[in-house]
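Chemist: File name data-v3.cif; file contents mmCIF, C-alpha atoms and all ligand atoms; full text below.
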data_input
loop_
_atom_site.group_PDB
_atom_site.id
_atom_site.type_symbol
_atom_site.label_atom_id
_atom_site.label_comp_id
_atom_site.auth_asym_id
_atom_site.auth_seq_id
_atom_site.Cartn_x
_atom_site.Cartn_y
_atom_site.Cartn_z
ATOM 1 C CA MET A 1 92.063 110.686 109.425
ATOM 2 C CA THR A 2 92.695 109.599 105.877
ATOM 3 C CA ALA A 3 90.756 106.635 104.565
ATOM 4 C CA GLU A 4 93.482 105.859 102.046
ATOM 5 C CA PRO A 5 93.368 102.160 101.155
ATOM 6 C CA VAL A 6 96.403 100.040 101.956
ATOM 7 C CA ALA A 7 96.191 98.449 98.525
ATOM 8 C CA GLU A 8 93.880 98.936 95.604
ATOM 9 C CA LEU A 9 93.573 97.212 92.235
ATOM 10 C CA ARG A 10 91.311 98.685 89.574
ATOM 11 C CA ASP A 11 90.238 96.721 86.507
ATOM 12 C CA VAL A 12 93.468 94.795 86.455
ATOM 13 C CA GLU A 13 94.353 92.363 83.726
ATOM 14 C CA PHE A 14 97.655 90.519 83.688
ATOM 15 C CA GLY A 15 99.265 87.675 81.730
ATOM 16 C CA TYR A 16 102.783 86.272 81.621
ATOM 17 C CA THR A 17 102.028 85.446 77.998
ATOM 18 C CA ALA A 18 99.238 86.589 75.705
ATOM 19 C CA THR A 19 96.773 84.551 77.796
ATOM 20 C CA PRO A 20 95.673 86.497 80.855
ATOM 21 C CA VAL A 21 95.979 84.771 84.232
ATOM 22 C CA LEU A 22 94.016 87.574 85.900
ATOM 23 C CA GLU A 23 91.111 89.471 84.408
ATOM 24 C CA ASP A 24 88.708 92.107 85.633
ATOM 25 C CA VAL A 25 90.276 92.221 89.077
ATOM 26 C CA SER A 26 89.224 95.135 91.245
ATOM 27 C CA LEU A 27 89.633 95.106 94.975
ATOM 28 C CA ARG A 28 90.580 97.345 97.816
ATOM 29 C CA ILE A 29 92.240 96.430 101.082
ATOM 30 C CA ASP A 30 91.657 98.902 103.887
ATOM 31 C CA SER A 31 93.768 99.490 106.928
ATOM 32 C CA GLY A 32 93.103 96.993 109.701
ATOM 33 C CA GLU A 33 91.565 94.305 107.510
ATOM 34 C CA TYR A 34 92.340 90.601 107.702
ATOM 35 C CA ALA A 35 91.742 89.212 104.239
ATOM 36 C CA ALA A 36 92.475 85.779 102.836
ATOM 37 C CA ILE A 37 92.920 85.001 99.156
ATOM 38 C CA VAL A 38 91.807 81.496 98.246
ATOM 39 C CA GLY A 39 91.471 79.565 95.003
ATOM 40 C CA PRO A 40 92.715 76.461 93.236
ATOM 41 C CA ASN A 41 96.355 75.939 92.279
ATOM 42 C CA GLY A 42 97.282 78.144 89.381
ATOM 43 C CA SER A 43 94.299 80.443 89.919
ATOM 44 C CA GLY A 44 96.504 83.532 90.118
ATOM 45 C CA LYS A 45 96.831 84.070 93.882
ATOM 46 C CA SER A 46 100.592 84.598 93.933
ATOM 47 C CA THR A 47 100.356 86.710 90.801
ATOM 48 C CA LEU A 48 97.747 88.901 92.483
ATOM 49 C CA MET A 49 100.041 89.293 95.491
ATOM 50 C CA LYS A 50 102.984 90.248 93.284
ATOM 51 C CA LEU A 51 100.863 92.822 91.472
ATOM 52 C CA MET A 52 99.676 94.192 94.805
ATOM 53 C CA LEU A 53 103.274 94.563 95.990
ATOM 54 C CA GLY A 54 104.382 96.188 92.735
ATOM 55 C CA LEU A 55 106.650 93.272 91.799
ATOM 56 C CA LEU A 56 104.662 92.868 88.581
ATOM 57 C CA ARG A 57 102.903 95.540 86.557
ATOM 58 C CA PRO A 58 99.405 95.007 85.190
ATOM 59 C CA ASP A 59 98.843 94.892 81.432
ATOM 60 C CA THR A 60 95.810 97.075 81.941
ATOM 61 C CA GLY A 61 94.317 98.721 84.982
ATOM 62 C CA GLU A 62 95.939 100.275 88.004
ATOM 63 C CA VAL A 63 97.499 99.080 91.236
ATOM 64 C CA GLN A 64 98.153 101.337 94.183
ATOM 65 C CA LEU A 65 99.941 100.659 97.440
ATOM 66 C CA PHE A 66 99.462 103.131 100.283
ATOM 67 C CA GLY A 67 98.100 105.604 97.744
ATOM 68 C CA GLU A 68 101.058 105.415 95.350
ATOM 69 C CA PRO A 69 101.500 103.433 92.135
ATOM 70 C CA ALA A 70 102.603 100.029 93.466
ATOM 71 C CA HIS A 71 105.534 99.639 91.064
ATOM 72 C CA SER A 72 107.167 102.862 92.285
ATOM 73 C CA PHE A 73 106.349 102.405 95.968
ATOM 74 C CA ASP A 74 109.650 102.213 97.813
ATOM 75 C CA ASP A 75 108.962 102.252 101.545
ATOM 76 C CA GLY A 76 109.560 98.538 101.966
ATOM 77 C CA SER A 77 109.580 98.787 105.742
ATOM 78 C CA ARG A 78 105.814 99.315 105.715
ATOM 79 C CA ILE A 79 105.326 95.830 104.298
ATOM 80 C CA GLY A 80 106.267 92.575 105.950
ATOM 81 C CA TYR A 81 106.358 89.702 103.501
ATOM 82 C CA VAL A 82 106.397 86.128 104.739
ATOM 83 C CA ALA A 83 107.024 83.683 101.929
ATOM 84 C CA GLN A 84 106.083 80.039 101.721
ATOM 85 C CA HIS A 85 108.683 78.021 103.653
ATOM 86 C CA ALA A 86 110.684 81.233 104.240
ATOM 87 C CA SER A 87 113.172 79.271 102.185
ATOM 88 C CA ALA A 88 115.909 81.873 101.768
ATOM 89 C CA SER A 89 116.724 81.528 105.433
ATOM 90 C CA LYS A 90 117.450 77.837 105.239
ATOM 91 C CA GLU A 91 120.965 78.245 103.910
ATOM 92 C CA MET A 92 121.790 81.276 106.008
ATOM 93 C CA PRO A 93 123.633 80.341 109.197
ATOM 94 C CA ILE A 94 122.452 83.436 111.016
ATOM 95 C CA THR A 95 120.622 83.739 114.280
ATOM 96 C CA VAL A 96 117.005 84.642 114.858
ATOM 97 C CA ARG A 97 118.041 87.972 116.383
ATOM 98 C CA GLU A 98 120.081 88.781 113.259
ATOM 99 C CA VAL A 99 117.077 88.053 111.045
ATOM 100 C CA VAL A 100 114.872 90.285 113.167
ATOM 101 C CA LYS A 101 117.540 92.998 113.256
ATOM 102 C CA MET A 102 117.286 93.202 109.442
ATOM 103 C CA GLY A 103 113.830 94.648 109.967
ATOM 104 C CA ARG A 104 115.522 97.803 111.325
ATOM 105 C CA PHE A 105 117.784 98.324 108.306
ATOM 106 C CA PRO A 106 115.383 100.555 106.354
ATOM 107 C CA HIS A 107 115.133 102.756 109.444
ATOM 108 C CA VAL A 108 118.810 102.974 110.412
ATOM 109 C CA GLY A 109 120.535 103.114 107.012
ATOM 110 C CA PHE A 110 124.280 102.877 107.571
ATOM 111 C CA ARG A 111 124.383 103.848 111.204
ATOM 112 C CA ARG A 112 124.634 101.270 113.957
ATOM 113 C CA LEU A 113 121.488 100.124 115.690
ATOM 114 C CA SER A 114 120.742 102.301 118.697
ATOM 115 C CA ASP A 115 119.517 101.023 122.053
ATOM 116 C CA ASP A 116 116.030 101.987 120.913
ATOM 117 C CA ASP A 117 116.405 99.869 117.769
ATOM 118 C CA TRP A 118 117.529 96.891 119.820
ATOM 119 C CA ALA A 119 114.605 97.408 122.191
ATOM 120 C CA ILE A 120 112.286 97.224 119.166
ATOM 121 C CA VAL A 121 114.030 94.019 118.033
ATOM 122 C CA ASP A 122 113.621 92.463 121.485
ATOM 123 C CA GLU A 123 110.000 93.498 121.689
ATOM 124 C CA ALA A 124 109.295 91.954 118.274
ATOM 125 C CA LEU A 125 110.919 88.706 119.419
ATOM 126 C CA GLU A 126 108.788 88.729 122.512
ATOM 127 C CA THR A 127 105.575 89.464 120.613
ATOM 128 C CA VAL A 128 106.025 86.376 118.460
ATOM 129 C CA GLY A 129 107.128 84.235 121.410
ATOM 130 C CA MET A 130 110.683 83.758 120.142
ATOM 131 C CA SER A 131 112.769 85.491 122.829
ATOM 132 C CA ALA A 132 114.094 82.163 124.069
ATOM 133 C CA PHE A 133 115.309 81.320 120.552
ATOM 134 C CA ALA A 134 116.944 84.671 119.793
ATOM 135 C CA ASP A 135 120.469 83.246 119.609
ATOM 136 C CA ARG A 136 119.532 80.089 117.781
ATOM 137 C CA ARG A 137 120.399 79.767 114.116
ATOM 138 C CA VAL A 138 117.402 79.905 111.824
ATOM 139 C CA THR A 139 118.619 76.670 110.263
ATOM 140 C CA GLN A 140 117.894 75.001 113.600
ATOM 141 C CA LEU A 141 114.270 76.098 113.863
ATOM 142 C CA SER A 142 111.062 74.267 113.103
ATOM 143 C CA GLY A 143 108.987 75.588 110.221
ATOM 144 C CA GLY A 144 106.590 77.364 112.570
ATOM 145 C CA GLN A 145 109.391 78.984 114.548
ATOM 146 C CA ARG A 146 111.035 80.171 111.361
ATOM 147 C CA GLN A 147 107.827 81.816 110.189
ATOM 148 C CA ARG A 148 107.550 83.538 113.578
ATOM 149 C CA ALA A 149 111.086 84.854 113.172
ATOM 150 C CA PHE A 150 110.090 86.347 109.819
ATOM 151 C CA ILE A 151 107.007 87.929 111.324
ATOM 152 C CA ALA A 152 109.222 89.390 114.054
ATOM 153 C CA ARG A 153 111.433 90.886 111.348
ATOM 154 C CA ALA A 154 108.370 92.587 109.864
ATOM 155 C CA LEU A 155 107.343 93.847 113.302
ATOM 156 C CA ALA A 156 110.840 95.191 113.959
ATOM 157 C CA GLY A 157 110.489 97.089 110.690
ATOM 158 C CA GLU A 158 107.214 98.508 112.037
ATOM 159 C CA ALA A 159 105.366 97.173 109.018
ATOM 160 C CA ASP A 160 101.693 98.037 108.907
ATOM 161 C CA LEU A 161 100.873 95.494 106.203
ATOM 162 C CA LEU A 162 101.708 91.816 106.584
ATOM 163 C CA VAL A 163 101.525 89.771 103.402
ATOM 164 C CA LEU A 164 101.841 86.026 103.763
ATOM 165 C CA ASP A 165 101.962 83.439 100.982
ATOM 166 C CA GLU A 166 100.843 80.057 102.346
ATOM 167 C CA PRO A 167 102.875 80.644 105.496
ATOM 168 C CA THR A 168 102.013 77.370 107.212
ATOM 169 C CA VAL A 169 102.987 74.922 104.486
ATOM 170 C CA GLY A 170 105.205 72.370 106.217
ATOM 171 C CA VAL A 171 104.352 73.642 109.690
ATOM 172 C CA ASP A 172 103.105 71.082 112.222
ATOM 173 C CA ALA A 173 99.432 71.196 113.225
ATOM 174 C CA GLU A 174 99.775 72.615 116.763
ATOM 175 C CA SER A 175 102.122 75.336 115.560
ATOM 176 C CA VAL A 176 99.673 76.229 112.793
ATOM 177 C CA ASP A 177 96.949 77.050 115.333
ATOM 178 C CA ALA A 178 99.342 79.117 117.408
ATOM 179 C CA PHE A 179 100.558 80.860 114.275
ATOM 180 C CA TYR A 180 97.046 81.924 113.324
ATOM 181 C CA GLU A 181 96.372 83.091 116.855
ATOM 182 C CA LEU A 182 99.465 85.265 116.604
ATOM 183 C CA LEU A 183 98.286 86.734 113.288
ATOM 184 C CA GLU A 184 94.902 87.460 114.803
ATOM 185 C CA ALA A 185 96.494 89.197 117.796
ATOM 186 C CA LEU A 186 98.646 91.322 115.496
ATOM 187 C CA ASN A 187 95.601 92.202 113.440
ATOM 188 C CA ASP A 188 93.762 93.185 116.643
ATOM 189 C CA ASP A 189 96.688 95.526 117.282
ATOM 190 C CA GLY A 190 95.993 97.228 113.968
ATOM 191 C CA ILE A 191 98.231 95.453 111.450
ATOM 192 C CA THR A 192 96.585 94.760 108.103
ATOM 193 C CA VAL A 193 96.892 91.101 107.131
ATOM 194 C CA VAL A 194 96.616 89.705 103.609
ATOM 195 C CA LEU A 195 97.078 85.989 103.404
ATOM 196 C CA ILE A 196 97.174 83.474 100.585
ATOM 197 C CA GLU A 197 95.983 80.224 102.090
ATOM 198 C CA HIS A 198 95.104 76.773 100.813
ATOM 199 C CA ASP A 199 93.933 75.577 104.233
ATOM 200 C CA LEU A 200 90.289 76.610 104.145
ATOM 201 C CA SER A 201 89.623 75.884 107.801
ATOM 202 C CA ALA A 202 92.390 78.325 108.751
ATOM 203 C CA VAL A 203 90.717 80.886 106.525
ATOM 204 C CA THR A 204 87.207 80.388 107.808
ATOM 205 C CA ASP A 205 88.405 80.293 111.441
ATOM 206 C CA HIS A 206 90.512 83.414 111.302
ATOM 207 C CA ALA A 207 90.038 85.719 108.326
ATOM 208 C CA GLU A 208 87.267 88.317 108.308
ATOM 209 C CA ARG A 209 87.190 88.648 104.561
ATOM 210 C CA VAL A 210 87.647 86.102 101.802
ATOM 211 C CA ILE A 211 88.651 86.832 98.238
ATOM 212 C CA CYS A 212 88.053 83.751 96.121
ATOM 213 C CA LEU A 213 89.933 83.798 92.877
ATOM 214 C CA ASN A 214 90.238 81.799 89.716
ATOM 215 C CA ARG A 215 91.508 84.135 87.025
ATOM 216 C CA GLU A 216 88.716 86.467 88.058
ATOM 217 C CA ILE A 217 87.173 87.171 91.423
ATOM 218 C CA TYR A 218 84.361 84.729 92.275
ATOM 219 C CA PHE A 219 83.695 86.113 95.699
ATOM 220 C CA ASP A 220 84.853 89.027 97.793
ATOM 221 C CA GLY A 221 83.154 89.581 101.108
ATOM 222 C CA LYS A 222 82.628 88.449 104.648
ATOM 223 C CA THR A 223 83.861 85.002 105.587
ATOM 224 C CA GLU A 224 80.415 83.931 106.861
ATOM 225 C CA GLU A 225 78.857 84.737 103.503
ATOM 226 C CA PHE A 226 81.632 82.883 101.718
ATOM 227 C CA VAL A 227 81.018 79.784 103.829
ATOM 228 C CA ALA A 228 77.274 79.945 103.176
ATOM 229 C CA GLY A 229 77.626 80.504 99.430
ATOM 230 C CA ASP A 230 78.856 78.460 96.491
ATOM 231 C CA ALA A 231 81.744 80.601 95.231
ATOM 232 C CA LEU A 232 84.341 78.038 96.168
ATOM 233 C CA ALA A 233 82.622 75.274 94.228
ATOM 234 C CA ARG A 234 82.246 77.571 91.247
ATOM 235 C CA ALA A 235 85.861 78.696 91.402
ATOM 236 C CA PHE A 236 87.162 75.145 91.651
ATOM 237 C CA GLY A 237 84.586 73.822 89.209
ATOM 238 C CA THR A 238 85.802 76.072 86.445
ATOM 239 C CA ALA A 239 89.473 75.491 87.167
ATOM 240 C CA ALA A 240 89.690 72.782 84.518
ATOM 241 C CA SER A 241 88.269 74.978 81.781
ATOM 242 C CA PRO A 242 89.742 78.418 82.170
ATOM 243 C CA ALA A 243 88.567 79.420 78.709
ATOM 244 C CA GLY A 244 84.989 78.321 79.350
ATOM 245 C CA ASP A 245 83.391 81.723 79.288
ATOM 246 C CA SER A 246 80.902 81.175 76.522
ATOM 247 C CA GLY A 247 77.312 82.044 77.355
HETATM 248 P P1 LIG B 301 98.515 80.358 92.387
HETATM 249 O O1 LIG B 301 99.353 81.217 93.272
HETATM 250 O O2 LIG B 301 97.058 80.543 92.588
HETATM 251 O O3 LIG B 301 98.899 78.911 92.402
HETATM 252 P P2 LIG B 301 99.968 81.680 90.241
HETATM 253 O O4 LIG B 301 99.689 83.117 90.384
HETATM 254 O O5 LIG B 301 101.262 81.162 90.758
HETATM 255 O O6 LIG B 301 98.749 80.852 90.879
HETATM 256 O O7 LIG B 301 99.873 81.276 88.725
HETATM 257 C C1 LIG B 301 98.794 81.665 87.885
HETATM 258 C C2 LIG B 301 99.081 81.183 86.461
HETATM 259 O O8 LIG B 301 100.225 81.860 85.945
HETATM 260 C C3 LIG B 301 99.396 79.705 86.377
HETATM 261 O O9 LIG B 301 98.848 79.218 85.179
HETATM 262 C C4 LIG B 301 100.904 79.677 86.312
HETATM 263 O O10 LIG B 301 101.364 78.542 85.621
HETATM 264 C C5 LIG B 301 101.237 80.940 85.574
HETATM 265 N N1 LIG B 301 102.534 81.516 85.982
HETATM 266 C C6 LIG B 301 102.887 81.830 87.249
HETATM 267 N N2 LIG B 301 104.118 82.390 87.275
HETATM 268 C C7 LIG B 301 104.549 82.407 85.984
HETATM 269 C C8 LIG B 301 105.748 82.845 85.338
HETATM 270 N N3 LIG B 301 106.746 83.402 86.033
HETATM 271 N N4 LIG B 301 105.828 82.716 83.995
HETATM 272 C C9 LIG B 301 104.819 82.175 83.287
HETATM 273 N N5 LIG B 301 103.662 81.738 83.818
HETATM 274 C C10 LIG B 301 103.530 81.842 85.158
#
I'd like the structure from this file rewritten - as structure tokens, please.

Modeler:
Amino acid sequence: MTAEPVAELRDVEFGYTATPVLEDVSLRIDSGEYAAIVGPNGSGKSTLMKLMLGLLRPDTGEVQLFGEPAHSFDDGSRIGYVAQHASASKEMPITVREVVKMGRFPHVGFRRLSDDDWAIVDEALETVGMSAFADRRVTQLSGGQRQRAFIARALAGEADLLVLDEPTVGVDAESVDAFYELLEALNDDGITVVLIEHDLSAVTDHAERVICLNREIYFDGKTEEFVAGDALARAFGTAASPAGDSG
């Protein structure tokens, strides 16, 4: 019955150097939301994600994840992270099932996976439509299939927050549509989705909420209102002059 936010940033400012790349950022992600973060290159999207996940600490302000300070949050199994290209997997000659099995590690510790764990792994593979590829090496997958394998790993970990950083870069067009349909289905099942996306049509077709960023938040609200408004033009228009805050 708790209305605890999944993630919350309050008055966050952050810079890698003395110049802030994020300023005045406050936002709250509630359970069950499907939110997309958009903005020009270098606008701070990945930085925002890293702050949200506790991988970076804000210079000022506060970040909470599942009601705890994000930097000390340690229940990684609640969060499924799908990186751009899922590149780490490219060199690893392991099978899809082995990748998905990793999702169980936080739950099993040093014991062997039980039949129940394997059932969860198989179900995750099935949910993402990858059962037929379970024994294939991830090096032999298409980009879209690889991203599905990484989603399955998150599902096997019973993550309730999926965080994706431009997950469809390098994925062919048909697979992109299917990928977004999968995300939508998972969201319908109750998983919170936060997505960094450069493909605006994917965002406007699928996300319910848009957060438009360029150092500060230009828009945060319903996708329909984002489409109807001018936040995107303003965010991109000021990209070339990040210090242009006079007047
Ligand atoms: P986006 O994800 O929107 O492309 P980033 O969050 O990656 O934006 O970057 C925001 C700004 O911070 C950019 O100016 C970028 O050059 C800078 N930046 C990102 N990562 C680092 C880093 N590790 N060290 C220094 N500057 C960084």

Chemist: Could you give me, as a list in words, the residues within 9 Å of His71 in chain A, counting all atoms listed in the file and dropping anything in the same chain fewer than 3 positions from it?

Modeler: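 Close residues of His71 in chain A: Leu51, Met52, Leu53, Gly54, Leu55, Leu56, Arg57, Val63, Gln64, Leu65, Glu68 and Asp74 of chain A.
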
Chemist: For ligand LIG 301 (chain B), I'd like the enclosing box, axis-aligned and padded by 3 Å on every side, reported as JSON with centre and edge lengths in Å to one decimal.

Modeler:
{"center_x": 101.9, "center_y": 81.0, "center_z": 88.3, "size_x": 15.7, "size_y": 10.9, "size_z": 16.0}

Chemist: Record the distance separating CA of Leu27 in chain A and CA of Ile217 in chain A, expressed in Å with one decimal.

Modeler: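 Separating CA of Leu27 in chain A from CA of Ile217 in chain A is a distance of 9.0 Å.
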
Chemist: Could you work out how far CA of Val25 in chain A lies from CA of Asp11 in chain A, giving the answer in Å with one decimal?

Modeler: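 Atom-to-atom, CA of Asp11 in chain A to CA of Val25 in chain A, that is 5.2 Å.
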
Chemist: Just want the residues within 10 Å of ligand LIG 301 (chain B), written as a VMD selection string, counting only C-alpha atoms and all ligand atoms.

Modeler: chain A and resid 14 to 17 19 to 22 37 to 51 165 to 166 196 to 198 213 to 215 242

Chemist: Quick one: distance from CA of Tyr180 in chain A to CA of Ser26 in chain A in Å, one decimal?

Modeler: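 Atom-to-atom, CA of Tyr180 in chain A and CA of Ser26 in chain A are spaced 26.9 Å apart.
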